[in-house]
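Dumped structure.cif below, it's mmCIF, C-alpha atoms:
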data_start
#
loop_
_atom_site.label_atom_id
_atom_site.label_comp_id
_atom_site.auth_asym_id
_atom_site.auth_seq_id
_atom_site.Cartn_x
_atom_site.Cartn_y
_atom_site.Cartn_z
CA MET A 326 247.08 -20.82 39.01
CA HIS A 327 244.87 -18.97 41.50
CA LEU A 328 246.67 -20.71 44.35
CA LEU A 329 250.05 -19.58 42.99
CA LEU A 330 248.86 -15.97 42.69
CA TRP A 331 247.46 -16.11 46.21
CA ARG A 332 250.78 -17.40 47.57
CA LEU A 333 252.73 -14.71 45.68
CA SER A 334 250.46 -11.95 46.99
CA ARG A 335 250.90 -13.25 50.54
CA LEU A 336 254.68 -13.26 50.04
CA VAL A 337 254.65 -9.64 48.82
CA VAL A 338 252.52 -8.54 51.77
CA PHE A 339 254.81 -10.39 54.19
CA ALA A 340 257.94 -8.80 52.66
CA ALA A 341 256.43 -5.32 52.79
CA SER A 342 255.34 -5.81 56.39
CA THR A 343 258.80 -7.04 57.32
CA LEU A 344 260.44 -3.99 55.72
CA MET A 345 258.05 -1.63 57.48
CA ALA A 346 258.65 -3.33 60.81
CA THR A 347 262.42 -3.20 60.30
CA ALA A 348 262.24 0.52 59.44
CA ALA A 349 260.08 1.21 62.50
CA ILE A 350 262.55 -0.62 64.76
CA ALA A 351 265.45 1.33 63.22
CA GLN A 352 263.66 4.62 63.80
CA SER A 353 262.72 3.86 67.40
CA ASP A 354 266.31 2.76 68.02
CA TYR A 355 267.70 6.05 66.64
CA PRO A 356 270.49 6.83 67.10
CA ASN A 357 272.47 3.64 67.62
CA ARG A 358 275.75 5.01 66.23
CA ALA A 359 277.54 8.31 65.71
CA VAL A 360 275.82 11.14 63.85
CA LYS A 361 277.70 13.45 61.47
CA MET A 362 276.96 17.16 61.36
CA ILE A 363 278.58 18.61 58.26
CA VAL A 364 279.64 22.27 58.10
CA GLY A 365 280.36 23.89 54.75
CA PHE A 366 283.00 26.25 56.12
CA THR A 367 286.36 26.07 57.85
CA ALA A 368 286.65 25.76 61.62
CA GLY A 369 286.31 28.90 63.72
CA GLY A 370 283.62 30.79 61.81
CA SER A 371 280.08 31.42 63.02
CA THR A 372 278.62 28.39 61.21
CA ASP A 373 281.23 26.10 62.71
CA VAL A 374 280.92 27.56 66.22
CA ILE A 375 277.12 27.20 66.25
CA ALA A 376 277.38 23.62 64.96
CA ARG A 377 279.90 22.69 67.65
CA VAL A 378 277.89 24.19 70.50
CA ILE A 379 274.76 22.33 69.40
CA SER A 380 276.55 19.07 68.57
CA GLU A 381 278.20 19.06 72.00
CA GLU A 382 274.84 19.35 73.74
CA LEU A 383 273.10 17.02 71.29
CA THR A 384 275.68 14.34 72.05
CA LYS A 385 274.63 14.44 75.70
CA ARG A 386 270.93 14.27 74.90
CA LEU A 387 271.07 11.55 72.21
CA GLY A 388 273.57 9.33 74.00
CA GLN A 389 275.64 9.03 70.83
CA SER A 390 278.46 11.20 69.47
CA VAL A 391 277.44 14.01 67.14
CA VAL A 392 280.64 14.75 65.24
CA VAL A 393 281.23 17.97 63.30
CA GLU A 394 282.93 17.55 59.92
CA ASN A 395 284.17 20.62 58.05
CA LYS A 396 283.84 20.37 54.27
CA PRO A 397 284.39 23.92 52.97
CA GLY A 398 283.87 25.04 49.39
CA ALA A 399 281.63 27.24 47.21
CA THR A 400 280.04 29.12 50.16
CA GLY A 401 278.68 25.90 51.63
CA ASN A 402 277.28 24.73 48.30
CA LEU A 403 279.69 21.80 47.93
CA SER A 404 278.85 20.26 51.29
CA ALA A 405 275.15 20.92 50.76
CA GLY A 406 275.26 18.69 47.72
CA ILE A 407 277.05 15.95 49.67
CA VAL A 408 274.37 16.00 52.38
CA ALA A 409 271.47 16.10 49.93
CA ARG A 410 272.79 12.93 48.27
CA SER A 411 273.25 11.08 51.58
CA ALA A 412 270.91 8.44 52.99
CA PRO A 413 267.92 10.09 54.74
CA ASP A 414 268.40 8.04 57.91
CA GLY A 415 269.24 10.83 60.38
CA TYR A 416 272.95 10.02 60.56
CA THR A 417 274.05 12.84 58.24
CA LEU A 418 272.96 16.35 59.21
CA TYR A 419 273.96 19.72 57.80
CA MET A 420 274.34 23.14 59.40
CA ALA A 421 272.74 25.18 56.63
CA ALA A 422 273.39 28.91 56.40
CA VAL A 423 272.19 32.00 54.57
CA GLY A 424 274.75 31.62 51.75
CA LEU A 425 272.56 28.93 50.20
CA ALA A 426 269.62 31.35 50.09
CA THR A 427 271.62 34.19 48.52
CA THR A 428 273.02 31.78 45.92
CA ALA A 429 269.48 30.58 45.17
CA ALA A 430 268.49 34.21 44.56
CA VAL A 431 271.53 35.28 42.54
CA ASP A 432 272.43 32.14 40.59
CA PRO A 433 270.17 29.14 41.25
CA LYS A 434 271.89 27.12 38.51
CA ALA A 435 275.05 27.12 40.63
CA LEU A 436 273.34 25.22 43.45
CA GLN A 437 274.20 21.59 44.10
CA ALA A 438 271.16 21.36 46.37
CA HIS A 439 268.23 23.75 46.63
CA PRO A 440 267.80 25.01 50.21
CA VAL A 441 264.01 24.59 50.12
CA ASP A 442 263.35 21.63 47.82
CA ASP A 443 266.23 19.24 48.44
CA PHE A 444 266.38 18.91 52.23
CA THR A 445 264.40 17.81 55.25
CA HIS A 446 264.19 20.91 57.45
CA ILE A 447 264.66 20.12 61.12
CA SER A 448 265.26 23.26 63.16
CA LEU A 449 266.22 26.90 62.87
CA THR A 450 268.94 27.65 65.39
CA ALA A 451 270.51 31.10 65.22
CA PHE A 452 270.73 34.48 63.53
CA VAL A 453 273.37 37.22 63.27
CA PRO A 454 271.82 40.55 62.17
CA ASN A 455 273.55 43.06 59.95
CA VAL A 456 274.25 46.61 61.08
CA LEU A 457 274.48 49.79 59.02
CA VAL A 458 277.71 51.55 60.01
CA THR A 459 279.60 54.70 59.12
CA GLY A 460 282.91 56.14 60.27
CA SER A 461 283.08 57.71 63.72
CA GLN A 462 283.91 61.10 62.13
CA SER A 463 281.07 60.89 59.62
CA GLN A 464 278.46 63.63 59.39
CA PHE A 465 275.72 60.96 59.48
CA ARG A 466 274.46 60.39 62.99
CA THR A 467 271.13 58.77 62.11
CA VAL A 468 269.55 56.86 59.24
CA GLY A 469 267.40 59.94 58.65
CA ASP A 470 270.53 62.04 58.10
CA LEU A 471 271.82 59.49 55.59
CA VAL A 472 268.56 59.12 53.68
CA ASN A 473 267.96 62.86 53.46
CA ARG A 474 271.45 63.46 52.08
CA ALA A 475 271.15 60.55 49.64
CA LYS A 476 267.90 61.98 48.28
CA GLN A 477 269.37 65.47 47.98
CA GLU A 478 272.38 64.16 46.07
CA PRO A 479 271.33 60.87 44.42
CA GLY A 480 274.20 58.66 43.32
CA LYS A 481 276.82 60.70 45.18
CA LEU A 482 277.19 58.71 48.40
CA SER A 483 279.11 55.42 48.47
CA MET A 484 278.09 52.11 50.03
CA GLY A 485 280.68 49.36 50.37
CA SER A 486 280.23 45.60 50.50
CA SER A 487 282.28 42.42 50.69
CA GLY A 488 281.50 41.60 47.05
CA VAL A 489 278.81 41.63 44.38
CA GLY A 490 275.85 39.36 45.14
CA GLY A 491 276.81 38.58 48.73
CA GLY A 492 274.46 39.00 51.66
CA LEU A 493 275.91 42.36 52.70
CA HIS A 494 275.58 43.75 49.18
CA LEU A 495 272.00 42.51 48.90
CA THR A 496 271.14 44.00 52.29
CA GLY A 497 272.29 47.36 50.94
CA GLU A 498 270.13 46.92 47.85
CA MET A 499 267.09 46.17 50.00
CA PHE A 500 267.82 49.29 52.04
CA LYS A 501 267.91 51.33 48.83
CA VAL A 502 264.56 49.92 47.70
CA ASN A 503 262.95 50.54 51.09
CA THR A 504 264.18 54.13 51.32
CA GLY A 505 264.00 55.15 47.66
CA THR A 506 267.68 56.09 47.64
CA ASN A 507 270.62 55.50 45.35
CA PHE A 508 274.24 54.90 46.36
CA ILE A 509 277.39 54.10 44.45
CA HIS A 510 278.11 50.46 45.21
CA VAL A 511 281.79 49.83 45.96
CA PRO A 512 282.54 46.08 46.13
CA TYR A 513 285.66 44.91 47.98
CA LYS A 514 287.39 41.56 48.24
CA GLY A 515 286.14 40.91 51.74
CA ILE A 516 284.92 43.20 54.49
CA PRO A 517 288.23 44.19 56.21
CA PRO A 518 289.46 46.53 53.43
CA ALA A 519 286.00 48.07 53.19
CA ILE A 520 286.01 48.82 56.92
CA THR A 521 289.48 50.33 56.62
CA ASP A 522 288.22 52.76 53.96
CA LEU A 523 285.12 53.47 56.04
CA MET A 524 287.18 54.40 59.09
CA GLY A 525 289.48 56.50 56.89
CA GLY A 526 286.60 58.51 55.46
CA ASN A 527 287.00 57.11 51.93
CA LEU A 528 283.63 55.34 52.08
CA ASP A 529 280.33 56.66 53.40
CA VAL A 530 278.49 53.59 54.73
CA LEU A 531 278.28 49.83 54.58
CA PHE A 532 276.35 46.90 56.04
CA ASP A 533 278.27 44.36 58.08
CA ASN A 534 277.51 41.44 60.40
CA VAL A 535 277.09 42.73 63.95
CA SER A 536 279.60 40.17 65.23
CA THR A 537 282.34 41.62 62.99
CA SER A 538 281.76 45.33 63.54
CA LEU A 539 280.81 45.25 67.21
CA PRO A 540 284.36 45.65 68.63
CA LEU A 541 284.94 48.67 66.36
CA ILE A 542 281.58 50.16 67.33
CA LYS A 543 282.33 49.64 71.03
CA GLY A 544 285.81 51.05 70.48
CA GLY A 545 284.45 54.25 68.93
CA LYS A 546 285.94 53.65 65.49
CA LEU A 547 282.59 53.03 63.79
CA ARG A 548 279.13 54.48 64.39
CA ALA A 549 276.12 52.16 64.21
CA LEU A 550 273.04 53.71 62.61
CA ALA A 551 270.56 50.81 62.69
CA VAL A 552 270.31 47.02 62.90
CA THR A 553 268.48 44.76 60.46
CA TRP A 554 266.41 42.86 63.01
CA ARG A 555 262.83 42.87 64.26
CA GLU A 556 263.88 44.31 67.63
CA ARG A 557 266.86 45.95 69.25
CA ILE A 558 269.68 43.59 70.09
CA PRO A 559 271.36 43.15 73.50
CA ASP A 560 274.82 44.16 72.27
CA LEU A 561 273.58 47.49 70.88
CA PRO A 562 270.56 48.47 72.98
CA ASP A 563 270.77 52.14 71.97
CA VAL A 564 270.85 51.42 68.23
CA PRO A 565 267.40 51.42 66.58
CA THR A 566 266.00 48.82 64.23
CA MET A 567 265.50 49.86 60.62
CA ALA A 568 261.78 50.17 61.25
CA GLU A 569 262.37 52.41 64.26
CA ALA A 570 264.77 54.51 62.20
CA GLY A 571 262.05 55.13 59.61
CA ALA A 572 263.67 53.00 56.89
CA GLY A 573 261.03 50.28 56.74
CA ALA A 574 261.15 46.83 58.31
CA LEU A 575 264.29 45.04 57.19
CA GLU A 576 265.26 41.66 58.61
CA ALA A 577 268.49 40.64 56.95
CA GLY A 578 271.55 38.83 58.19
CA ALA A 579 273.05 35.39 58.58
CA TRP A 580 270.63 32.65 59.61
CA PHE A 581 271.65 29.11 60.56
CA GLY A 582 269.63 25.92 60.82
CA ILE A 583 269.92 22.14 60.82
CA VAL A 584 268.68 20.10 57.87
CA GLY A 585 269.09 16.56 56.60
CA PRO A 586 268.62 14.77 53.29
CA LYS A 587 265.13 14.90 51.80
CA GLY A 588 262.84 12.10 52.93
CA MET A 589 263.92 11.65 56.55
CA PRO A 590 261.40 9.75 58.73
CA ALA A 591 259.07 12.07 60.65
CA GLU A 592 259.81 10.29 63.92
CA ILE A 593 263.54 11.07 63.65
CA VAL A 594 262.89 14.67 62.57
CA ASP A 595 260.56 15.21 65.53
CA ARG A 596 263.09 13.69 67.95
CA LEU A 597 265.92 15.90 66.69
CA HIS A 598 263.79 19.04 66.71
CA ARG A 599 262.62 18.41 70.28
CA GLU A 600 266.17 17.89 71.51
CA ILE A 601 267.51 20.94 69.66
CA ASN A 602 264.68 23.06 71.02
CA VAL A 603 265.60 22.06 74.57
CA ILE A 604 269.25 22.93 73.86
CA LEU A 605 268.32 26.36 72.48
CA SER A 606 266.23 27.03 75.59
CA ASP A 607 269.18 26.40 77.91
CA PRO A 608 270.28 29.76 79.43
CA LYS A 609 273.93 28.66 79.25
CA VAL A 610 273.67 28.05 75.51
CA VAL A 611 271.81 31.32 74.97
CA GLU A 612 274.57 33.16 76.85
CA ARG A 613 277.33 31.42 74.88
CA PHE A 614 275.69 32.57 71.67
CA ARG A 615 275.04 36.06 72.98
CA SER A 616 278.71 36.47 73.92
CA MET A 617 279.47 36.04 70.21
CA SER A 618 276.65 38.39 69.10
CA ILE A 619 274.62 35.39 67.92
CA LEU A 620 270.87 35.39 68.60
CA VAL A 621 268.88 32.20 69.20
CA LEU A 622 266.26 31.75 66.48
CA LYS A 623 263.91 28.83 67.03
CA GLY A 624 261.67 27.30 64.41
CA GLY A 625 260.25 23.86 63.67
CA PRO A 626 260.47 21.96 60.37
CA ALA A 627 257.57 23.67 58.58
CA GLU A 628 258.43 27.10 59.96
CA PHE A 629 262.08 26.67 58.97
CA ARG A 630 261.18 25.66 55.41
CA ASP A 631 258.85 28.67 55.04
CA TYR A 632 261.49 30.97 56.52
CA VAL A 633 264.07 29.93 53.92
CA ALA A 634 261.57 30.32 51.07
CA LYS A 635 260.69 33.85 52.22
CA ASP A 636 264.36 34.71 52.64
CA ILE A 637 265.14 33.65 49.07
CA ALA A 638 262.21 35.73 47.79
CA GLN A 639 263.51 38.73 49.72
CA TRP A 640 267.03 38.39 48.31
CA ARG A 641 265.62 37.86 44.81
CA ARG A 642 263.79 41.19 45.00
CA ALA A 643 267.09 42.85 45.86
CA VAL A 644 268.83 41.05 42.97
CA GLU A 645 266.19 42.20 40.51
CA ALA A 646 266.25 45.78 41.82
CA ALA A 647 270.04 45.92 41.44
CA GLY A 648 270.06 44.16 38.07
CA ILE A 649 272.61 41.61 39.32
CA LYS A 650 273.44 38.87 36.79
CA PRO A 651 275.22 35.58 37.48
CA GLU A 652 278.90 35.72 36.55
#
Once more with this new file: its structure as structure tokens, please.
Amino acid sequence: MHLLLWRLSRLVVFAASTLMATAAIAQSDYPNRAVKMIVGFTAGGSTDVIARVISEELTKRLGQSVVVENKPGATGNLSAGIVARSAPDGYTLYMAAVGLATTAAVDPKALQAHPVDDFTHISLTAFVPNVLVTGSQSQFRTVGDLVNRAKQEPGKLSMGSSGVGGGLHLTGEMFKVNTGTNFIHVPYKGIPPAITDLMGGNLDVLFDNVSTSLPLIKGGKLRALAVTWRERIPDLPDVPTMAEAGAGALEAGAWFGIVGPKGMPAEIVDRLHREINVILSDPKVVERFRSMSILVLKGGPAEFRDYVAKDIAQWRRAVEAAGIKPE
């Protein structure tokens, strides 16, 4: 009996050792086939463009194809669920974006995968700040002008957005909290009609992604009052940050980063992060992003995870302040 137990225990140890050795070989051999990078939006948008720039360079560095697959739906939520349920072997990656964080703040029950708890965070990659804009004929030339008027006539000025609970709406709510002001929120079905009303003088202000409003700012049709970033941005060097404008530090916009399914081997995560970090340090890549008003935003696995958690907490404060309820 003792001999049988001894033989069984040896067999278990041998099997476990074999599995560990096989896994180690697989990890050191990574990648030995094509890698998928899933994007939760259609081709041509910021998320897709960033994914394609990085996948193109990552293909060169890994020696295997990194293929972008577009799986749009539910603001990236659908594809996030697909990735979270995939094998954590490094062959399915996801270009995560801020929409997952805003959804987690507004309606966490709608998530198919939680952006903090259900992924292996690999690398932050990029950020597009928001900008507070008004019409070129507006009386508001600075944030101070706007805040003073809003406090003199609370609830009289209007602030547009691309829809209730979206990142641009929540940025406006954070601005209101930081400045102690109140605006009439005017939600639109997308940002283009809101900008049309802004330029026509039918709307006072709104927050927009810098990449969208920049041509209109440069063309003199919109006036930029401040950017929601920690420092001034290259495209608008004369436009102050919110902190510089006296409206409190406000870092809000569209972040992007690469994740994989939860439980990925540390060796593969480290390899991917190192390669992505080299790519994001390449002046040619930095310039390609800058030409599209996209800023490089580096961050390792732990830093990325903490960044997302803090971002959700920030959006949640805005949701609570505005009394936003899931539909």
Contacts of Pro586 of chain A at 8 Å (all atoms listed in the file; same-chain gap of 6+ positions) as a PyMOL selection string: chain A and resi 408-413+417-418+443-445
For the point (270.1, 38.7, 56.2) in file coordinates, what residues are within 12 Å, counting only C-alpha atoms? Give the answer as a JSON list (two decimals) with C-alpha atoms, in the coordinates of the input?
[["chain", "number", "residue", "atom", "x", "y", "z"],
["A", 422, "ALA", "CA", 273.39, 28.91, 56.40],
["A", 423, "VAL", "CA", 272.19, 32.00, 54.57],
["A", 424, "GLY", "CA", 274.75, 31.62, 51.75],
["A", 425, "LEU", "CA", 272.56, 28.93, 50.20],
["A", 426, "ALA", "CA", 269.62, 31.35, 50.09],
["A", 427, "THR", "CA", 271.62, 34.19, 48.52],
["A", 451, "ALA", "CA", 270.51, 31.10, 65.22],
["A", 452, "PHE", "CA", 270.73, 34.48, 63.53],
["A", 453, "VAL", "CA", 273.37, 37.22, 63.27],
["A", 454, "PRO", "CA", 271.82, 40.55, 62.17],
["A", 455, "ASN", "CA", 273.55, 43.06, 59.95],
["A", 456, "VAL", "CA", 274.25, 46.61, 61.08],
["A", 491, "GLY", "CA", 276.81, 38.58, 48.73],
["A", 492, "GLY", "CA", 274.46, 39.00, 51.66],
["A", 493, "LEU", "CA", 275.91, 42.36, 52.70],
["A", 494, "HIS", "CA", 275.58, 43.75, 49.18],
["A", 495, "LEU", "CA", 272.00, 42.51, 48.90],
["A", 496, "THR", "CA", 271.14, 44.00, 52.29],
["A", 497, "GLY", "CA", 272.29, 47.36, 50.94],
["A", 498, "GLU", "CA", 270.13, 46.92, 47.85],
["A", 499, "MET", "CA", 267.09, 46.17, 50.00],
["A", 500, "PHE", "CA", 267.82, 49.29, 52.04],
["A", 532, "PHE", "CA", 276.35, 46.90, 56.04],
["A", 533, "ASP", "CA", 278.27, 44.36, 58.08],
["A", 534, "ASN", "CA", 277.51, 41.44, 60.40],
["A", 535, "VAL", "CA", 277.09, 42.73, 63.95],
["A", 552, "VAL", "CA", 270.31, 47.02, 62.90],
["A", 553, "THR", "CA", 268.48, 44.76, 60.46],
["A", 554, "TRP", "CA", 266.41, 42.86, 63.01],
["A", 555, "ARG", "CA", 262.83, 42.87, 64.26],
["A", 575, "LEU", "CA", 264.29, 45.04, 57.19],
["A", 576, "GLU", "CA", 265.26, 41.66, 58.61],
["A", 577, "ALA", "CA", 268.49, 40.64, 56.95],
["A", 578, "GLY", "CA", 271.55, 38.83, 58.19],
["A", 579, "ALA", "CA", 273.05, 35.39, 58.58],
["A", 580, "TRP", "CA", 270.63, 32.65, 59.61],
["A", 581, "PHE", "CA", 271.65, 29.11, 60.56],
["A", 632, "TYR", "CA", 261.49, 30.97, 56.52],
["A", 633, "VAL", "CA", 264.07, 29.93, 53.92],
["A", 635, "LYS", "CA", 260.69, 33.85, 52.22],
["A", 636, "ASP", "CA", 264.36, 34.71, 52.64],
["A", 637, "ILE", "CA", 265.14, 33.65, 49.07],
["A", 638, "ALA", "CA", 262.21, 35.73, 47.79],
["A", 639, "GLN", "CA", 263.51, 38.73, 49.72],
["A", 640, "TRP", "CA", 267.03, 38.39, 48.31],
["A", 643, "ALA", "CA", 267.09, 42.85, 45.86]]
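The residues that lie within 7 Å of the point (264.5, 29.3, 69.5), counting all atoms listed in the file, are Thr450, Asn602, Leu605, Ser606, Val621, Leu622, Lys623 and Gly624 of chain A.
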Atom pair atom CA of Glu382 of chain A + atom CA of Asp607 of chain A, distance 10.0 Å
Selection under test: the PyMOL selection byres ((chain A and resi 466) around 12); residues as a PDB file with C-alpha atoms, in the coordinates of the input:
ATOM      1  CA  LEU A 457     274.480  49.790  59.020  1.00  0.00           C
ATOM      2  CA  VAL A 458     277.710  51.550  60.010  1.00  0.00           C
ATOM      3  CA  THR A 459     279.600  54.700  59.120  1.00  0.00           C
ATOM      4  CA  GLY A 460     282.910  56.140  60.270  1.00  0.00           C
ATOM      5  CA  SER A 461     283.080  57.710  63.720  1.00  0.00           C
ATOM      6  CA  GLN A 462     283.910  61.100  62.130  1.00  0.00           C
ATOM      7  CA  SER A 463     281.070  60.890  59.620  1.00  0.00           C
ATOM      8  CA  GLN A 464     278.460  63.630  59.390  1.00  0.00           C
ATOM      9  CA  PHE A 465     275.720  60.960  59.480  1.00  0.00           C
ATOM     10  CA  THR A 467     271.130  58.770  62.110  1.00  0.00           C
ATOM     11  CA  VAL A 468     269.550  56.860  59.240  1.00  0.00           C
ATOM     12  CA  GLY A 469     267.400  59.940  58.650  1.00  0.00           C
ATOM     13  CA  ASP A 470     270.530  62.040  58.100  1.00  0.00           C
ATOM     14  CA  LEU A 471     271.820  59.490  55.590  1.00  0.00           C
ATOM     15  CA  VAL A 472     268.560  59.120  53.680  1.00  0.00           C
ATOM     16  CA  ASN A 473     267.960  62.860  53.460  1.00  0.00           C
ATOM     17  CA  ARG A 474     271.450  63.460  52.080  1.00  0.00           C
ATOM     18  CA  ASP A 529     280.330  56.660  53.400  1.00  0.00           C
ATOM     19  CA  VAL A 530     278.490  53.590  54.730  1.00  0.00           C
ATOM     20  CA  LEU A 547     282.590  53.030  63.790  1.00  0.00           C
ATOM     21  CA  ARG A 548     279.130  54.480  64.390  1.00  0.00           C
ATOM     22  CA  ALA A 549     276.120  52.160  64.210  1.00  0.00           C
ATOM     23  CA  LEU A 550     273.040  53.710  62.610  1.00  0.00           C
ATOM     24  CA  ALA A 551     270.560  50.810  62.690  1.00  0.00           C
ATOM     25  CA  VAL A 564     270.850  51.420  68.230  1.00  0.00           C
ATOM     26  CA  PRO A 565     267.400  51.420  66.580  1.00  0.00           C
ATOM     27  CA  ALA A 570     264.770  54.510  62.200  1.00  0.00           C
TER      28      ALA A 570
END
I would like the residues chosen by the PyMOL selection byres ((chain A and resi 447) around 8) on the shown file; could you give them as a list of chain:residue names?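 On this input, the PyMOL selection byres ((chain A and resi 447) around 8) captures A:Thr445, A:His446, A:Ser448, A:Leu449, A:Gly582, A:Ile583, A:Val584, A:Gly585, A:Val594, A:Asp595, A:Leu597, A:His598, A:Gly625, A:Pro626, A:Phe629.
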Residues from last step as file, C-alpha atoms, as a PDB file, keeping the file's coordinate frame:
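Just written: result.pdb:
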ATOM      1  CA  THR A 445     264.400  17.810  55.250  1.00  0.00           C
ATOM      2  CA  HIS A 446     264.190  20.910  57.450  1.00  0.00           C
ATOM      3  CA  SER A 448     265.260  23.260  63.160  1.00  0.00           C
ATOM      4  CA  LEU A 449     266.220  26.900  62.870  1.00  0.00           C
ATOM      5  CA  GLY A 582     269.630  25.920  60.820  1.00  0.00           C
ATOM      6  CA  ILE A 583     269.920  22.140  60.820  1.00  0.00           C
ATOM      7  CA  VAL A 584     268.680  20.100  57.870  1.00  0.00           C
ATOM      8  CA  GLY A 585     269.090  16.560  56.600  1.00  0.00           C
ATOM      9  CA  VAL A 594     262.890  14.670  62.570  1.00  0.00           C
ATOM     10  CA  ASP A 595     260.560  15.210  65.530  1.00  0.00           C
ATOM     11  CA  LEU A 597     265.920  15.900  66.690  1.00  0.00           C
ATOM     12  CA  HIS A 598     263.790  19.040  66.710  1.00  0.00           C
ATOM     13  CA  GLY A 625     260.250  23.860  63.670  1.00  0.00           C
ATOM     14  CA  PRO A 626     260.470  21.960  60.370  1.00  0.00           C
ATOM     15  CA  PHE A 629     262.080  26.670  58.970  1.00  0.00           C
TER      16      PHE A 629
END
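With only C-alpha atoms as the atoms that count, the minimum distance from Val431 of chain A to the choices A:Ile516, A:Leu620, A:Ala376, A:Val489 is reached by A:Val489.
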Check what the PyMOL selection byres ((chain A and resi 355-367) around 6) selects in the file above and give those residues as an NGL selection string. :A and (352-354 or 368 or 389-397 or 401 or 404 or 416-420)
Choose the residue, out of A:Gly490, A:Pro479, A:Gly588, A:Gly406, that has the smallest atom-to-atom separation from Val644 of chain A; count all atoms listed in the file.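 Among the listed residues, A:Gly490 lies closest to Val644 of chain A.
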